[in-house]
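Okay, start-v4.txt is below, compact mmCIF, C-alpha atoms:
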```
# COMPACT_ATOMS: atom_id res chain seq x y z
CA MET I 190 11.72 -11.53 -16.09
CA THR I 191 8.23 -10.49 -17.04
CA SER I 192 5.62 -11.62 -14.54
CA GLU I 193 2.40 -12.39 -16.37
CA ILE I 194 -0.92 -14.08 -15.80
CA CYS I 195 -1.07 -17.18 -18.00
CA THR I 196 -4.08 -19.23 -19.01
CA PRO I 197 -4.23 -22.79 -17.65
CA GLN I 198 -3.73 -24.04 -21.22
CA GLU I 199 -0.56 -21.99 -21.63
CA LEU I 200 0.77 -23.13 -18.26
CA GLN I 201 0.27 -26.78 -19.11
CA LYS I 202 2.45 -26.39 -22.20
CA MET I 203 5.47 -25.35 -20.18
CA ASP I 204 7.44 -26.94 -17.36
CA PRO I 205 5.20 -26.76 -14.29
CA VAL I 206 7.67 -25.00 -11.97
CA PHE I 207 10.96 -23.71 -13.35
CA GLY I 208 9.34 -22.95 -16.70
CA GLN I 209 6.69 -20.63 -15.26
CA LEU I 210 7.12 -16.99 -16.23
CA SER I 211 6.45 -16.04 -12.61
CA PHE I 212 9.07 -18.46 -11.22
CA ASP I 213 11.67 -15.67 -11.38
CA ASN I 214 14.48 -17.44 -9.50
CA HIS I 215 12.51 -18.59 -6.47
CA GLU I 216 14.71 -20.27 -3.90
CA GLN I 217 12.20 -22.85 -2.73
CA ILE I 218 8.66 -24.04 -3.34
CA VAL I 219 6.95 -26.40 -0.91
CA PHE I 220 3.84 -28.42 -1.77
CA CYS I 221 1.80 -29.43 1.26
CA ASN I 222 -0.81 -32.19 1.16
CA ASP I 223 -2.70 -33.84 4.00
CA LYS I 224 -5.49 -36.31 3.27
CA ASP I 225 -7.04 -36.26 6.75
CA THR I 226 -7.65 -32.50 6.92
CA GLY I 227 -8.00 -31.91 3.19
CA LEU I 228 -5.09 -29.48 3.21
CA LYS I 229 -3.62 -28.63 -0.17
CA ALA I 230 -1.20 -25.73 0.09
CA ILE I 231 1.83 -24.23 -1.62
CA ILE I 232 4.52 -22.17 0.11
CA GLY I 233 6.71 -20.01 -2.10
CA ILE I 234 10.04 -18.66 -0.84
CA HIS I 235 11.35 -16.19 -3.38
CA ASN I 236 14.41 -14.63 -1.77
CA THR I 237 16.04 -14.69 1.68
CA VAL I 238 19.05 -12.42 1.11
CA LEU I 239 17.75 -9.73 3.48
CA GLY I 240 16.29 -12.15 6.02
CA PRO I 241 13.69 -14.88 6.51
CA ALA I 242 10.84 -14.87 4.00
CA LEU I 243 7.71 -13.34 5.51
CA GLY I 244 4.33 -13.21 3.84
CA GLY I 245 0.71 -14.05 4.49
CA THR I 246 -1.25 -17.19 3.80
CA ARG I 247 -4.11 -16.80 1.35
CA MET I 248 -6.98 -19.29 1.26
CA TRP I 249 -8.82 -19.15 -2.02
CA LYS I 250 -10.92 -21.45 -4.18
CA TYR I 251 -8.67 -21.41 -7.24
CA ALA I 252 -10.01 -22.64 -10.57
CA ASN I 253 -7.12 -25.12 -10.76
CA GLU I 254 -3.74 -25.91 -9.26
CA TRP I 255 -1.86 -24.06 -12.00
CA GLU I 256 -3.64 -20.87 -11.04
CA ALA I 257 -2.76 -21.40 -7.38
CA LEU I 258 0.92 -21.96 -8.20
CA ASN I 259 1.09 -18.89 -10.42
CA ASP I 260 -0.53 -16.82 -7.68
CA VAL I 261 1.82 -17.89 -4.90
CA LEU I 262 4.84 -17.28 -7.13
CA ARG I 263 3.72 -13.77 -8.05
CA LEU I 264 2.76 -12.95 -4.48
CA SER I 265 5.98 -14.21 -2.87
CA ARG I 266 8.08 -12.32 -5.42
CA GLY I 267 6.14 -9.18 -4.59
CA MET I 268 6.86 -9.67 -0.89
CA THR I 269 10.60 -9.67 -1.59
CA TYR I 270 10.41 -6.22 -3.12
CA LYS I 271 7.87 -4.97 -0.59
CA SER I 272 10.22 -5.70 2.31
CA ALA I 273 13.28 -4.46 0.44
CA ILE I 274 11.85 -1.07 -0.49
CA SER I 275 10.43 -0.64 3.02
CA GLY I 276 13.85 -1.11 4.60
CA LEU I 277 12.93 -4.31 6.41
CA ASN I 278 15.42 -7.11 6.98
CA LEU I 279 13.07 -9.69 5.54
CA GLY I 280 12.90 -11.82 2.44
CA GLY I 281 9.86 -12.57 0.36
CA GLY I 282 7.52 -15.49 0.82
CA LYS I 283 3.85 -16.32 0.55
CA ALA I 284 1.55 -19.29 0.93
CA VAL I 285 -1.76 -20.30 -0.60
CA ILE I 286 -4.24 -22.85 0.67
CA ILE I 287 -6.50 -24.19 -2.05
CA GLY I 288 -10.10 -24.15 -0.88
CA ASP I 289 -13.10 -22.06 0.06
CA ALA I 290 -12.33 -20.35 3.36
CA LYS I 291 -16.03 -20.08 4.18
CA THR I 292 -16.83 -23.78 3.82
CA GLU I 293 -13.58 -25.77 3.81
CA LYS I 294 -11.46 -24.16 6.50
CA SER I 295 -11.20 -25.93 9.85
CA PRO I 296 -9.00 -25.60 12.95
CA GLU I 297 -7.44 -28.96 12.09
CA LEU I 298 -6.55 -27.81 8.57
CA ILE I 299 -4.99 -24.58 9.85
CA LYS I 300 -2.96 -26.41 12.49
CA LYS I 301 -1.74 -28.94 9.93
CA PHE I 302 -0.61 -26.05 7.76
CA GLY I 303 1.24 -24.71 10.81
CA GLU I 304 3.17 -27.99 10.97
CA TYR I 305 4.41 -27.47 7.41
CA VAL I 306 5.45 -23.92 8.26
CA HIS I 307 7.32 -25.21 11.30
CA SER I 308 9.13 -27.81 9.21
CA LEU I 309 10.89 -24.98 7.35
CA SER I 310 12.67 -23.96 10.58
CA GLY I 311 12.11 -20.24 10.17
CA ARG I 312 12.97 -19.80 6.51
CA TYR I 313 9.32 -18.84 6.05
CA ILE I 314 7.24 -16.85 8.55
CA THR I 315 3.53 -16.68 7.87
CA ALA I 316 0.81 -14.10 8.55
CA GLU I 317 -2.82 -13.54 7.60
CA ASP I 318 -4.06 -12.71 4.12
CA VAL I 319 -7.27 -13.09 2.12
CA GLY I 320 -9.28 -15.96 3.58
CA THR I 321 -7.32 -16.21 6.83
CA THR I 322 -7.72 -14.31 10.09
CA THR I 323 -6.00 -13.32 13.32
CA PRO I 324 -7.63 -16.29 15.15
CA ASP I 325 -6.15 -18.55 12.44
CA MET I 326 -2.71 -17.11 13.19
CA ASP I 327 -3.28 -17.83 16.88
CA LEU I 328 -3.98 -21.46 15.99
CA ILE I 329 -0.76 -21.62 13.98
CA ARG I 330 1.09 -20.07 16.93
CA ASP I 331 0.04 -23.11 18.98
CA ILE I 332 2.12 -25.18 16.56
CA THR I 333 5.06 -22.93 15.62
CA PRO I 334 6.72 -19.63 16.56
CA TYR I 335 7.13 -18.80 12.88
CA VAL I 336 3.97 -16.73 12.56
CA THR I 337 3.14 -13.04 12.91
CA GLY I 338 -0.08 -11.08 13.15
CA ILE I 339 -1.24 -13.00 16.20
CA SER I 340 -3.75 -11.38 18.54
CA GLU I 341 -2.74 -8.60 20.89
CA ALA I 342 -4.01 -10.75 23.76
CA ARG I 343 -1.20 -13.16 22.95
CA GLY I 344 1.41 -10.44 22.63
CA GLY I 345 1.08 -9.90 18.89
CA SER I 346 0.25 -6.87 16.77
CA GLY I 347 -3.22 -8.06 15.84
CA ASN I 348 -4.94 -7.50 12.51
CA PRO I 349 -2.50 -5.67 10.19
CA SER I 350 -5.25 -4.43 7.85
CA PRO I 351 -5.68 -0.95 9.41
CA VAL I 352 -1.96 -0.24 9.04
CA THR I 353 -2.00 -1.54 5.47
CA ALA I 354 -4.85 0.85 4.70
CA TYR I 355 -2.95 3.75 6.28
CA GLY I 356 0.03 3.07 4.03
CA VAL I 357 -2.20 3.00 0.94
CA TYR I 358 -3.72 6.28 2.08
CA MET I 359 -0.25 7.83 2.41
CA GLY I 360 0.76 6.55 -1.03
CA MET I 361 -2.47 7.85 -2.53
CA LYS I 362 -1.84 11.30 -1.10
CA ALA I 363 1.69 11.30 -2.55
CA ALA I 364 0.37 10.26 -5.98
CA ALA I 365 -2.27 12.99 -5.78
CA LYS I 366 0.42 15.57 -5.00
CA TYR I 367 2.35 14.48 -8.08
CA GLN I 368 -0.67 14.37 -10.39
CA PHE I 369 -2.84 17.20 -9.10
CA GLY I 370 -0.29 19.43 -7.38
CA SER I 371 -1.78 18.88 -3.91
CA GLU I 372 -1.90 15.95 -1.54
CA LYS I 373 -5.35 16.96 -0.36
CA LEU I 374 -8.01 14.42 -1.25
CA GLU I 375 -10.95 16.57 -0.19
CA GLY I 376 -13.38 16.82 -3.10
CA LYS I 377 -11.59 14.13 -5.11
CA THR I 378 -13.71 11.23 -6.39
CA VAL I 379 -12.18 7.92 -5.34
CA LEU I 380 -13.46 4.52 -6.47
CA VAL I 381 -12.49 1.78 -4.01
CA GLN I 382 -12.76 -1.69 -5.53
CA GLY I 383 -12.99 -4.32 -2.80
CA ILE I 384 -14.09 -3.43 0.72
CA GLY I 385 -12.60 -6.12 2.89
CA HIS I 386 -10.76 -5.16 6.07
CA VAL I 387 -8.23 -2.98 4.24
CA GLY I 388 -10.72 -1.45 1.82
CA GLU I 389 -13.14 -0.54 4.60
CA THR I 390 -10.47 1.22 6.65
CA LEU I 391 -9.33 3.10 3.55
CA VAL I 392 -12.92 4.21 2.93
CA ASP I 393 -13.05 5.52 6.49
CA LEU I 394 -9.85 7.55 6.05
CA LEU I 395 -10.98 8.97 2.73
CA VAL I 396 -14.45 9.95 3.93
CA LYS I 397 -12.97 11.69 6.97
CA GLU I 398 -10.79 13.81 4.66
CA GLY I 399 -13.78 14.80 2.57
CA ALA I 400 -13.21 12.68 -0.52
CA LYS I 401 -16.19 11.63 -2.60
CA VAL I 402 -15.97 7.88 -2.16
CA GLN I 403 -17.59 5.26 -4.37
CA ILE I 404 -17.35 1.57 -3.51
CA THR I 405 -17.75 -1.69 -5.37
CA ASP I 406 -17.51 -5.31 -4.24
CA ILE I 407 -18.82 -8.73 -5.27
CA ASN I 408 -20.57 -8.98 -1.87
CA GLU I 409 -23.78 -6.95 -2.16
CA ALA I 410 -24.61 -7.16 1.55
CA ARG I 411 -21.14 -5.88 2.42
CA LEU I 412 -21.60 -2.97 0.01
CA HIS I 413 -24.75 -1.81 1.77
CA GLU I 414 -23.17 -2.27 5.19
CA VAL I 415 -20.11 -0.14 4.37
CA SER I 416 -22.14 2.41 2.44
CA LYS I 417 -24.46 2.97 5.39
CA LYS I 418 -21.64 3.05 7.93
CA TYR I 419 -19.46 5.65 6.16
CA GLY I 420 -21.82 7.39 3.75
CA ALA I 421 -19.96 6.12 0.70
CA ALA I 422 -21.86 5.82 -2.59
CA ILE I 423 -22.30 2.38 -4.15
CA PHE I 424 -20.98 2.36 -7.71
CA ARG I 425 -23.76 1.31 -10.06
CA GLY I 426 -22.16 1.97 -13.44
CA SER I 427 -21.90 -0.69 -16.13
CA ASP I 428 -18.08 -0.66 -16.17
CA LEU I 429 -16.08 0.42 -13.14
CA TYR I 430 -12.85 0.76 -15.15
CA SER I 431 -14.27 3.49 -17.37
CA ALA I 432 -15.82 5.35 -14.44
CA GLU I 433 -15.28 9.11 -14.44
CA VAL I 434 -13.30 9.31 -11.19
CA ASP I 435 -10.09 11.01 -10.10
CA ILE I 436 -8.59 8.00 -8.35
CA TYR I 437 -9.05 4.28 -8.88
CA SER I 438 -8.12 2.20 -5.83
CA PRO I 439 -8.02 -1.57 -6.45
CA CYS I 440 -8.20 -3.30 -3.06
CA ALA I 441 -9.37 -6.79 -4.04
CA LEU I 442 -7.40 -9.38 -6.01
CA GLY I 443 -4.65 -8.57 -8.50
CA ALA I 444 -4.29 -8.15 -12.27
CA THR I 445 -7.26 -5.80 -12.67
CA ILE I 446 -5.06 -3.62 -14.88
CA ASN I 447 -4.81 -5.82 -17.94
CA ASP I 448 -5.29 -5.89 -21.71
CA ASP I 449 -9.07 -5.68 -21.33
CA THR I 450 -9.16 -2.73 -18.91
CA ILE I 451 -6.10 -0.56 -19.36
CA TYR I 452 -7.44 1.63 -22.17
CA LYS I 453 -10.80 2.03 -20.44
CA ILE I 454 -9.38 3.63 -17.31
CA ASN I 455 -10.32 7.30 -16.95
CA ALA I 456 -8.87 7.84 -13.49
CA LYS I 457 -5.76 10.01 -13.31
CA VAL I 458 -4.32 8.16 -10.31
CA ILE I 459 -4.19 4.46 -9.47
CA ALA I 460 -3.37 3.71 -5.84
CA GLY I 461 -4.70 0.65 -4.06
CA ALA I 462 -3.97 -2.20 -1.69
CA ALA I 463 -4.25 -5.16 -4.09
CA ASN I 464 -1.08 -7.10 -4.88
CA ASN I 465 0.14 -7.50 -8.46
CA GLN I 466 -2.27 -4.97 -9.93
CA LEU I 467 -0.49 -4.96 -13.29
CA ALA I 468 -1.12 -8.19 -15.18
CA ASN I 469 2.07 -7.45 -17.12
CA GLU I 470 4.44 -5.20 -15.20
CA LYS I 471 6.44 -3.89 -18.15
CA ILE I 472 3.75 -3.51 -20.78
CA HIS I 473 0.92 -2.22 -18.62
CA GLY I 474 3.18 0.00 -16.54
CA ARG I 475 4.43 1.66 -19.72
CA ILE I 476 0.92 2.13 -21.12
CA LEU I 477 -0.21 3.83 -17.91
CA GLN I 478 2.78 6.13 -18.14
CA GLU I 479 2.08 6.95 -21.78
CA ARG I 480 -1.54 7.72 -20.91
CA GLY I 481 -0.47 10.12 -18.17
CA ILE I 482 -1.94 8.01 -15.35
CA ALA I 483 0.02 8.20 -12.08
CA TYR I 484 0.46 4.65 -10.79
CA ALA I 485 1.59 4.22 -7.18
CA PRO I 486 3.41 0.83 -7.15
CA ASP I 487 1.35 -1.68 -5.17
CA PHE I 488 4.22 -3.39 -3.37
CA LEU I 489 5.34 -0.01 -2.07
CA ILE I 490 2.13 1.54 -0.80
CA ASN I 491 0.53 -1.65 0.59
CA ALA I 492 3.57 -2.42 2.78
CA GLY I 493 1.96 -1.16 5.99
CA GLY I 494 0.82 -4.62 6.97
CA ILE I 495 4.26 -6.17 6.82
CA ILE I 496 5.76 -3.14 8.55
CA ASN I 497 3.23 -3.74 11.33
CA VAL I 498 3.90 -7.46 11.81
CA TYR I 499 7.67 -6.94 11.49
CA GLY I 500 7.38 -5.21 14.86
CA GLU I 501 6.60 -8.59 16.42
CA ILE I 502 9.98 -9.85 15.22
CA VAL I 503 12.21 -6.90 16.13
CA GLY I 504 10.21 -5.55 19.06
CA TYR I 505 8.65 -2.22 18.12
CA GLY I 506 5.05 -1.28 18.88
CA LYS I 507 2.06 0.18 17.08
CA GLU I 508 3.29 3.78 17.32
CA GLU I 509 6.57 2.96 15.58
CA ALA I 510 4.74 0.85 13.00
CA LEU I 511 2.52 3.81 12.11
CA LYS I 512 5.52 6.13 11.95
CA ARG I 513 7.33 3.82 9.55
CA THR I 514 4.18 3.35 7.51
CA GLU I 515 3.71 7.11 7.23
CA ASN I 516 7.12 7.25 5.53
CA ILE I 517 5.51 5.47 2.55
CA TYR I 518 4.43 8.98 1.54
CA ASN I 519 8.06 10.14 1.21
CA THR I 520 9.16 7.00 -0.62
CA THR I 521 6.27 7.32 -3.08
CA VAL I 522 7.21 10.94 -3.80
CA GLU I 523 10.78 9.76 -4.41
CA ILE I 524 9.58 7.04 -6.78
CA PHE I 525 7.62 9.52 -8.90
CA ASN I 526 10.63 11.82 -9.06
CA VAL I 527 12.97 8.99 -10.10
CA SER I 528 10.44 7.83 -12.69
CA GLU I 529 10.27 11.29 -14.24
CA LEU I 530 14.01 11.96 -14.17
CA GLN I 531 15.03 8.58 -15.56
CA LYS I 532 12.04 8.32 -17.90
CA ILE I 533 11.07 4.90 -16.59
CA THR I 534 7.78 3.67 -15.15
CA THR I 535 7.05 4.06 -11.47
CA HIS I 536 7.00 0.28 -11.13
CA GLN I 537 10.48 0.07 -12.67
CA ALA I 538 11.71 2.87 -10.41
CA ALA I 539 10.46 1.10 -7.28
CA LEU I 540 11.79 -2.25 -8.45
CA THR I 541 15.24 -0.78 -9.16
CA ILE I 542 15.55 0.65 -5.65
CA ALA I 543 14.42 -2.63 -4.07
CA GLU I 544 16.73 -4.75 -6.22
CA LYS I 545 19.71 -2.52 -5.42
CA ARG I 546 19.19 -3.02 -1.69
CA ILE I 547 19.09 -6.79 -2.18
CA ALA I 548 22.18 -6.75 -4.42
CA ASP I 549 24.11 -4.62 -1.93
CA ARG I 550 23.28 -6.99 0.94
CA LYS I 551 24.25 -10.01 -1.17
CA LYS I 552 27.59 -8.38 -1.95
CA GLU I 553 28.16 -7.66 1.75
CA LYS I 554 27.52 -11.29 2.62
CA THR I 555 29.87 -12.49 -0.13
CA ASN I 556 32.66 -10.15 0.96
CA SER I 557 32.34 -11.26 4.59
CA LEU I 558 32.99 -14.91 3.75
```

The structure in this file should be written as structure tokens.
Amino acid sequence: MTSEICTPQELQKMDPVFGQLSFDNHEQIVFCNDKDTGLKAIIGIHNTVLGPALGGTRMWKYANEWEALNDVLRLSRGMTYKSAISGLNLGGGKAVIIGDAKTEKSPELIKKFGEYVHSLSGRYITAEDVGTTTPDMDLIRDITPYVTGISEARGGSGNPSPVTAYGVYMGMKAAAKYQFGSEKLEGKTVLVQGIGHVGETLVDLLVKEGAKVQITDINEARLHEVSKKYGAAIFRGSDLYSAEVDIYSPCALGATINDDTIYKINAKVIAGAANNQLANEKIHGRILQERGIAYAPDFLINAGGIINVYGEIVGYGKEEALKRTENIYNTTVEIFNVSELQKITTHQAALTIAEKRIADRKKEKTNSL
């Protein structure tokens, strides 16, 4: 089913849950509301064939509840395929808390959310995401064991952002090898959109390799901080999508590749950390392919974070997490080869591999009954 961004008006014309284009056979959706703490949250569990649904909790000031629901559905679906293609025995889930993390988040609200997570008895395991932090995960751990990404002081793997960035870096190098004939990023101009924890670490890796890094973010103070720290240039053009760069790396929110931007893009490679970069997977993936732009599927190359926190569940450490994350390079190369041989988009190629793994496991379970 096509996963699209819909306007609030369009969403209100259809059934609020099962009728959403992004519903895509979700197993369970949980609405959480607590008057005392002000908590309004949605937990989406897309698929648990491979294992419990694991995915971060995003706190964001959504324009409306329809937007929040659409976001959690798209994100949890993406987590299913992210875990599947990464070889993890995990399903896909995600949660969103509606509110401004800077002004509306409180320890009480986070702990109350932890109670809702605990009520699902392990079907959903949470982690940090945009608007939540490692200390937040520690608070949730006080309430429930069904949380990952807790601090190293408490026996966890800590902030997964550096490992996420490393995976994006590996995927970017693989895409560069396909498009330019070499994985070397030295001398390549890379525009990083969004310099949060993941974006900043990616900037560091790119600068160290000798790439010409440009950065953009809605936070002007953050731009100057990162620019000064790593020597990256602040992008000052009128339209970042039409920027004359080799690689565009979206590392903020999703759907930046949409009807308004897709024909503006001059970059030859798109490889970033943002989830759901294609507003319409089928249409925009095909247009990128037709335009000769090498797109590294987001749910593949940004899987380093979940690979990292998965270690808390099965018991491997940081070294093994980095080793598994490095393999994103090989998988990305495989995806580009499959895309070319089968004449399908890279997104379709990645999705096909992930869906096959899920289907095979489902068949195994059925046959064992």

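The smallest atom-to-atom distance between Pro334 of chain I and any of I:Ala230, I:Leu309, I:Lys551, I:Ser350, using all atoms listed in the file, is found for I:Leu309.
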
Q.
Quick one: residues within 12 Å of segment 297-300 of chain I, all atoms listed in the file, excluding same-chain residues fewer than 5 positions away - as a VMD selection string?
A. chain I and resid 221 to 230 246 to 248 285 to 288 290 305 to 307 315 317 320 to 333 336

**Q.** For His235 of chain I: contacts at 8 Å, all atoms listed in the file, fewer than 3 positions along chain excluded, given as a ChimeraX atom specification
**A.** /I:214-217,242,262,265-266,269,280-282

Q: Quick one: pull the distance between atom CA of Asn469 of chain I and atom CA of Ile446 of chain I, Å, one decimal.
A: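 Answer for the atom CA of Asn469 of chain I to atom CA of Ile446 of chain I separation: 8.4 Å.
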
(Q) Using all atoms listed in the file, can you tell me which of I:Val458, I:Ile384, I:Met359, I:Leu530 comes closest to Ala492 of chain I? (A)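 Closest candidate: I:Met359.
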
Q) Quick one: residues within 12 Å of Asn526 of chain I, all atoms listed in the file counted, chain neighbours fewer than 4 positions away excluded, as a ChimeraX atom specification? A) /I:363-364,366-368,483,485,519-522,530-535,538-539

Q: Can you work out the spacing between atom CA of Pro439 of chain I and atom CA of Ala462 of chain I in Å, to one decimal?
A: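 These two atoms are separated by 6.3 Å.
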
Q: Tell me which of I:Pro241, I:Ala444, I:Asp428, I:Lys291 sits closest to Tyr335 of chain I, counting all atoms listed in the file.
A: I:Pro241

**Q.** Distance in Å - atom CA of Glu304 of chain I versus atom CA of Ile496 of chain I
**A.**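 Going from atom CA of Glu304 of chain I over to atom CA of Ile496 of chain I covers 25.1 Å.
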